[in-house]
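The file run28.pdb contains PDB, C-alpha atoms:
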```
MODEL        1
ATOM      1  CA  MET W1207     -17.159 -19.823 -42.472  1.00  0.00           C
ATOM      2  CA  THR W1208     -18.719 -21.159 -39.270  1.00  0.00           C
ATOM      3  CA  ALA W1209     -21.950 -23.154 -39.109  1.00  0.00           C
ATOM      4  CA  LEU W1210     -23.701 -20.102 -37.652  1.00  0.00           C
ATOM      5  CA  GLN W1211     -22.449 -17.863 -40.458  1.00  0.00           C
ATOM      6  CA  ARG W1212     -23.563 -20.452 -43.059  1.00  0.00           C
ATOM      7  CA  ALA W1213     -27.013 -20.680 -41.459  1.00  0.00           C
ATOM      8  CA  LEU W1214     -27.421 -16.894 -41.460  1.00  0.00           C
ATOM      9  CA  THR W1215     -26.175 -16.356 -45.011  1.00  0.00           C
ATOM     10  CA  GLY W1216     -28.401 -19.202 -46.231  1.00  0.00           C
ATOM     11  CA  PHE W1217     -31.435 -17.750 -44.471  1.00  0.00           C
ATOM     12  CA  PHE W1218     -30.987 -14.232 -45.847  1.00  0.00           C
ATOM     13  CA  ALA W1219     -30.068 -15.520 -49.337  1.00  0.00           C
ATOM     14  CA  ARG W1220     -33.711 -16.604 -49.661  1.00  0.00           C
ATOM     15  CA  LEU W1221     -34.458 -12.940 -50.369  1.00  0.00           C
ATOM     16  CA  GLY W1222     -32.789 -13.420 -53.743  1.00  0.00           C
ATOM     17  CA  LEU W1223     -29.713 -11.232 -53.196  1.00  0.00           C
ATOM     18  CA  PRO W1224     -26.095 -12.327 -52.744  1.00  0.00           C
ATOM     19  CA  VAL W1225     -25.132 -12.368 -49.048  1.00  0.00           C
ATOM     20  CA  TYR W1226     -21.608 -11.772 -47.760  1.00  0.00           C
ATOM     21  CA  LEU W1227     -20.003 -11.408 -44.373  1.00  0.00           C
ATOM     22  CA  ALA W1228     -19.176  -7.708 -44.017  1.00  0.00           C
ATOM     23  CA  ASP W1229     -15.429  -8.406 -43.960  1.00  0.00           C
ATOM     24  CA  TRP W1230     -15.564 -10.783 -46.952  1.00  0.00           C
ATOM     25  CA  VAL W1231     -17.235  -8.856 -49.782  1.00  0.00           C
ATOM     26  CA  PRO W1232     -15.531  -9.808 -53.049  1.00  0.00           C
ATOM     27  CA  ALA W1233     -13.816  -6.988 -54.912  1.00  0.00           C
ATOM     28  CA  GLY W1234     -16.139  -5.699 -57.605  1.00  0.00           C
ATOM     29  CA  ALA W1235     -19.268  -7.288 -56.113  1.00  0.00           C
ATOM     30  CA  ASP W1236     -22.315  -6.190 -58.094  1.00  0.00           C
ATOM     31  CA  CYS W1237     -25.013  -4.279 -56.246  1.00  0.00           C
ATOM     32  CA  PRO W1238     -27.489  -4.979 -54.836  1.00  0.00           C
ATOM     33  CA  TYR W1239     -26.208  -7.360 -52.171  1.00  0.00           C
ATOM     34  CA  LEU W1240     -26.493  -7.909 -48.416  1.00  0.00           C
ATOM     35  CA  THR W1241     -23.737  -7.898 -45.802  1.00  0.00           C
ATOM     36  CA  LEU W1242     -23.913  -9.420 -42.328  1.00  0.00           C
ATOM     37  CA  THR W1243     -22.047  -8.234 -39.244  1.00  0.00           C
ATOM     38  CA  LEU W1244     -22.202 -10.514 -36.199  1.00  0.00           C
ATOM     39  CA  GLU W1245     -21.613  -8.956 -32.790  1.00  0.00           C
ATOM     40  CA  ASN W1246     -20.643 -11.227 -29.883  1.00  0.00           C
ATOM     41  CA  ALA W1247     -21.005 -14.234 -32.195  1.00  0.00           C
ATOM     42  CA  GLY W1248     -18.956 -16.392 -29.821  1.00  0.00           C
ATOM     43  CA  GLY W1249     -21.487 -16.160 -27.003  1.00  0.00           C
ATOM     44  CA  ALA W1250     -25.048 -17.355 -26.578  1.00  0.00           C
ATOM     45  CA  GLN W1251     -26.471 -13.845 -27.101  1.00  0.00           C
ATOM     46  CA  GLY W1252     -25.589 -11.596 -29.987  1.00  0.00           C
ATOM     47  CA  ARG W1253     -26.773  -9.274 -32.686  1.00  0.00           C
ATOM     48  CA  VAL W1254     -26.765  -9.455 -36.459  1.00  0.00           C
ATOM     49  CA  THR W1255     -26.662  -6.229 -38.461  1.00  0.00           C
ATOM     50  CA  VAL W1256     -27.815  -6.648 -42.053  1.00  0.00           C
ATOM     51  CA  ARG W1257     -26.973  -4.009 -44.644  1.00  0.00           C
ATOM     52  CA  SER W1258     -28.473  -3.825 -48.112  1.00  0.00           C
ATOM     53  CA  TRP W1259     -26.046  -2.206 -50.571  1.00  0.00           C
ATOM     54  CA  HIS W1260     -27.181  -0.422 -53.742  1.00  0.00           C
ATOM     55  CA  ARG W1261     -25.600   1.762 -56.391  1.00  0.00           C
ATOM     56  CA  ALA W1262     -26.414   5.419 -55.800  1.00  0.00           C
ATOM     57  CA  ALA W1263     -28.787   5.767 -58.729  1.00  0.00           C
ATOM     58  CA  GLY W1264     -32.214   7.375 -58.940  1.00  0.00           C
ATOM     59  CA  GLU W1265     -34.091   4.370 -57.554  1.00  0.00           C
ATOM     60  CA  ALA W1266     -31.627   3.467 -54.769  1.00  0.00           C
ATOM     61  CA  ASN W1267     -33.739   4.967 -51.968  1.00  0.00           C
ATOM     62  CA  ALA W1268     -36.832   3.035 -53.010  1.00  0.00           C
ATOM     63  CA  ALA W1269     -34.847  -0.175 -53.610  1.00  0.00           C
ATOM     64  CA  ARG W1270     -33.207  -0.196 -50.197  1.00  0.00           C
ATOM     65  CA  ALA W1271     -36.527   0.554 -48.487  1.00  0.00           C
ATOM     66  CA  VAL W1272     -38.083  -2.440 -50.280  1.00  0.00           C
ATOM     67  CA  VAL W1273     -35.230  -4.687 -49.142  1.00  0.00           C
ATOM     68  CA  LEU W1274     -35.516  -3.450 -45.535  1.00  0.00           C
ATOM     69  CA  ASP W1275     -39.239  -4.249 -45.598  1.00  0.00           C
ATOM     70  CA  ALA W1276     -38.467  -7.730 -46.968  1.00  0.00           C
ATOM     71  CA  LEU W1277     -35.879  -8.287 -44.220  1.00  0.00           C
ATOM     72  CA  ALA W1278     -38.405  -7.338 -41.543  1.00  0.00           C
ATOM     73  CA  ALA W1279     -41.042  -9.615 -43.090  1.00  0.00           C
ATOM     74  CA  ALA W1280     -38.588 -12.555 -43.282  1.00  0.00           C
ATOM     75  CA  VAL W1281     -38.288 -12.674 -39.489  1.00  0.00           C
ATOM     76  CA  PRO W1282     -41.680 -13.059 -37.799  1.00  0.00           C
ATOM     77  CA  VAL W1283     -42.362 -11.313 -34.496  1.00  0.00           C
ATOM     78  CA  GLY W1284     -41.751 -14.547 -32.569  1.00  0.00           C
ATOM     79  CA  GLY W1285     -38.471 -15.152 -34.374  1.00  0.00           C
ATOM     80  CA  VAL W1286     -37.172 -17.884 -36.639  1.00  0.00           C
ATOM     81  CA  CYS W1287     -35.150 -20.972 -35.699  1.00  0.00           C
ATOM     82  CA  LEU W1288     -32.067 -21.750 -37.783  1.00  0.00           C
ATOM     83  CA  PRO W1289     -30.792 -25.324 -37.348  1.00  0.00           C
ATOM     84  CA  LEU W1290     -27.123 -25.775 -36.447  1.00  0.00           C
ATOM     85  CA  PRO W1291     -25.126 -29.032 -36.232  1.00  0.00           C
ATOM     86  CA  ALA W1292     -25.085 -28.882 -32.422  1.00  0.00           C
ATOM     87  CA  GLY W1293     -28.268 -26.938 -31.642  1.00  0.00           C
ATOM     88  CA  CYS W1294     -30.045 -23.986 -33.168  1.00  0.00           C
ATOM     89  CA  ALA W1295     -29.932 -20.213 -33.446  1.00  0.00           C
ATOM     90  CA  VAL W1296     -33.036 -18.116 -32.943  1.00  0.00           C
ATOM     91  CA  LEU W1297     -33.158 -14.873 -34.877  1.00  0.00           C
ATOM     92  CA  ARG W1298     -35.590 -12.206 -33.616  1.00  0.00           C
ATOM     93  CA  ARG W1299     -36.328  -8.649 -34.578  1.00  0.00           C
ATOM     94  CA  ALA W1300     -34.248  -6.357 -32.386  1.00  0.00           C
ATOM     95  CA  ALA W1301     -36.144  -4.718 -29.557  1.00  0.00           C
ATOM     96  CA  ALA W1302     -35.336  -1.279 -30.938  1.00  0.00           C
ATOM     97  CA  GLY W1303     -36.639  -2.390 -34.344  1.00  0.00           C
ATOM     98  CA  PHE W1304     -34.666   0.324 -36.085  1.00  0.00           C
ATOM     99  CA  GLN W1305     -33.996   0.663 -39.771  1.00  0.00           C
ATOM    100  CA  SER W1306     -31.731   3.313 -41.214  1.00  0.00           C
ATOM    101  CA  LEU W1307     -30.594   4.539 -44.602  1.00  0.00           C
ATOM    102  CA  ARG W1308     -26.952   5.491 -45.111  1.00  0.00           C
ATOM    103  CA  ASP W1309     -25.165   7.193 -47.965  1.00  0.00           C
ATOM    104  CA  GLY W1310     -21.731   5.906 -48.881  1.00  0.00           C
ATOM    105  CA  PRO W1311     -18.628   8.061 -49.033  1.00  0.00           C
ATOM    106  CA  GLY W1312     -18.413  10.416 -51.985  1.00  0.00           C
ATOM    107  CA  ALA W1313     -20.871  11.190 -54.719  1.00  0.00           C
ATOM    108  CA  GLY W1314     -22.010   8.189 -56.714  1.00  0.00           C
ATOM    109  CA  GLY W1315     -20.722   5.670 -54.165  1.00  0.00           C
ATOM    110  CA  PRO W1316     -22.855   2.818 -52.888  1.00  0.00           C
ATOM    111  CA  VAL W1317     -25.683   3.512 -50.457  1.00  0.00           C
ATOM    112  CA  SER W1318     -27.091   1.141 -47.864  1.00  0.00           C
ATOM    113  CA  GLY W1319     -30.066   0.367 -45.699  1.00  0.00           C
ATOM    114  CA  GLU W1320     -29.486  -1.227 -42.307  1.00  0.00           C
ATOM    115  CA  THR W1321     -31.470  -3.206 -39.757  1.00  0.00           C
ATOM    116  CA  CYS W1322     -30.577  -5.366 -36.744  1.00  0.00           C
ATOM    117  CA  PHE W1323     -31.739  -8.676 -35.343  1.00  0.00           C
ATOM    118  CA  ASP W1324     -31.149 -10.264 -31.943  1.00  0.00           C
ATOM    119  CA  LEU W1325     -29.558 -13.702 -32.001  1.00  0.00           C
ATOM    120  CA  THR W1326     -29.639 -16.454 -29.364  1.00  0.00           C
ATOM    121  CA  VAL W1327     -27.673 -19.672 -29.862  1.00  0.00           C
ATOM    122  CA  TYR W1328     -28.821 -22.845 -28.095  1.00  0.00           C
ATOM    123  CA  GLY W1329     -26.614 -25.932 -27.870  1.00  0.00           C
ATOM    124  CA  LEU W1330     -27.775 -29.517 -27.592  1.00  0.00           C
TER     125      LEU W1330
ENDMDL
END
```
Kindly present the structure from the file in structure tokens form.
Amino acid sequence: MTALQRALTGFFARLGLPVYLADWVPAGADCPYLTLTLENAGGAQGRVTVRSWHRAAGEANAARAVVLDALAAAVPVGGVCLPLPAGCAVLRRAAAGFQSLRDGPGAGGPVSGETCFDLTVYGL
């Protein structure tokens, strides 16, 4: 895991849910949990998509909406600075500010809520 990935997972873990990189979710991970997808993580500008995964039970819609609200509240309008060994990363709410709810494949599968953040990495 890179320093940037550690900084992001540590930041979002403060919400009290396990956080995994989207490609590294352990088999049998218990819901709810968050996954992170980094786009263009090698450059100075990028995007982080955060998904909140829940079991498709009666309260799943309400639970994922609560988590999406908590994600939005965790990143103030001006952004948040995440320290890195050789600089910092600034996480901001994406300009589009979208949030979406998605149903997983098949009946009874996991469901998710999704939101995006813009990411700028500054080196020292």
Here's the selection I'm unsure about, the PyMOL selection byres ((chain W and resi 1215-1229) around 7); applied to the file above, which residues does it give, as a list in words?
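Checked against the file, the PyMOL selection byres ((chain W and resi 1215-1229) around 7) matches Gln1211, Arg1212, Ala1213, Leu1214, Trp1230, Val1231, Pro1238, Tyr1239, Leu1240, Thr1241, Leu1242 and Thr1243 of chain W.
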Counting only C-alpha atoms, what is within 9 Å of region 1292-1294 of chain W, bar same-chain residues fewer than 2 positions away, as an MDAnalysis selection string?
chainID W and resid 1210 1287:1290 1296 1326:1330
Which is closest to Ala1278 (chain W) among W:Met1207, W:Cys1322, W:Cys1237, W:Ala1266, if we use all atoms listed in the file?
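Ranked by minimum distance to Ala1278 (chain W), first place goes to W:Cys1322.
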To test your reading of the syntax: which residues would the PyMOL selection byres ((chain W and resi 1321) around 10) return for the file shown? Reply as a list in words.
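With the shown file as input, the PyMOL selection byres ((chain W and resi 1321) around 10) matches Val1254, Thr1255, Val1256, Arg1257, Ser1258, Leu1274, Asp1275, Leu1277, Ala1278, Arg1299, Ala1300, Ala1302, Gly1303, Phe1304, Gln1305, Ser1306, Leu1307, Gly1319, Glu1320, Cys1322 and Phe1323 of chain W.
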Hey, what's within 8 Å of Ala1269 (chain W) if we count only C-alpha atoms and toss same-chain stuff fewer than 4 positions away? As number ranges by chain, please?
W: 1260, 1265, 1273
Counting all atoms listed in the file, the residue of W:Pro1316, W:Ala1295, W:Thr1208, W:Gly1285 that sits nearest Gly1252 (chain W):
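Among W:Pro1316, W:Ala1295, W:Thr1208, W:Gly1285, it is W:Ala1295 that comes nearest to Gly1252 (chain W).
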So how many Å separate CA of Ala1276 (chain W) and CA of Ala1250 (chain W), to one decimal?
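We find that CA of Ala1276 (chain W) and CA of Ala1250 (chain W) lie 26.2 Å from each other.
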Taking every listed atom of region 1218-1224 of chain W and adding 6 Å to each side, what centre and edge lengths in Å (one decimal) does the axis-aligned box have, as AutoDock Vina command-line options?
```
--center_x -30.3 --center_y -13.9 --center_z -49.8 --size_x 20.4 --size_y 17.4 --size_z 19.9
```
Record the distance separating CA of Ala1262 (chain W) and CA of Ser1318 (chain W), expressed in Å with one decimal.
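These two atoms are separated by 9.0 Å.
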For a test of reading the model, state the distance in Å between CA of Val1281 (chain W) and CA of Asn1267 (chain W), rounded to one decimal.
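These two atoms are separated by 22.1 Å.
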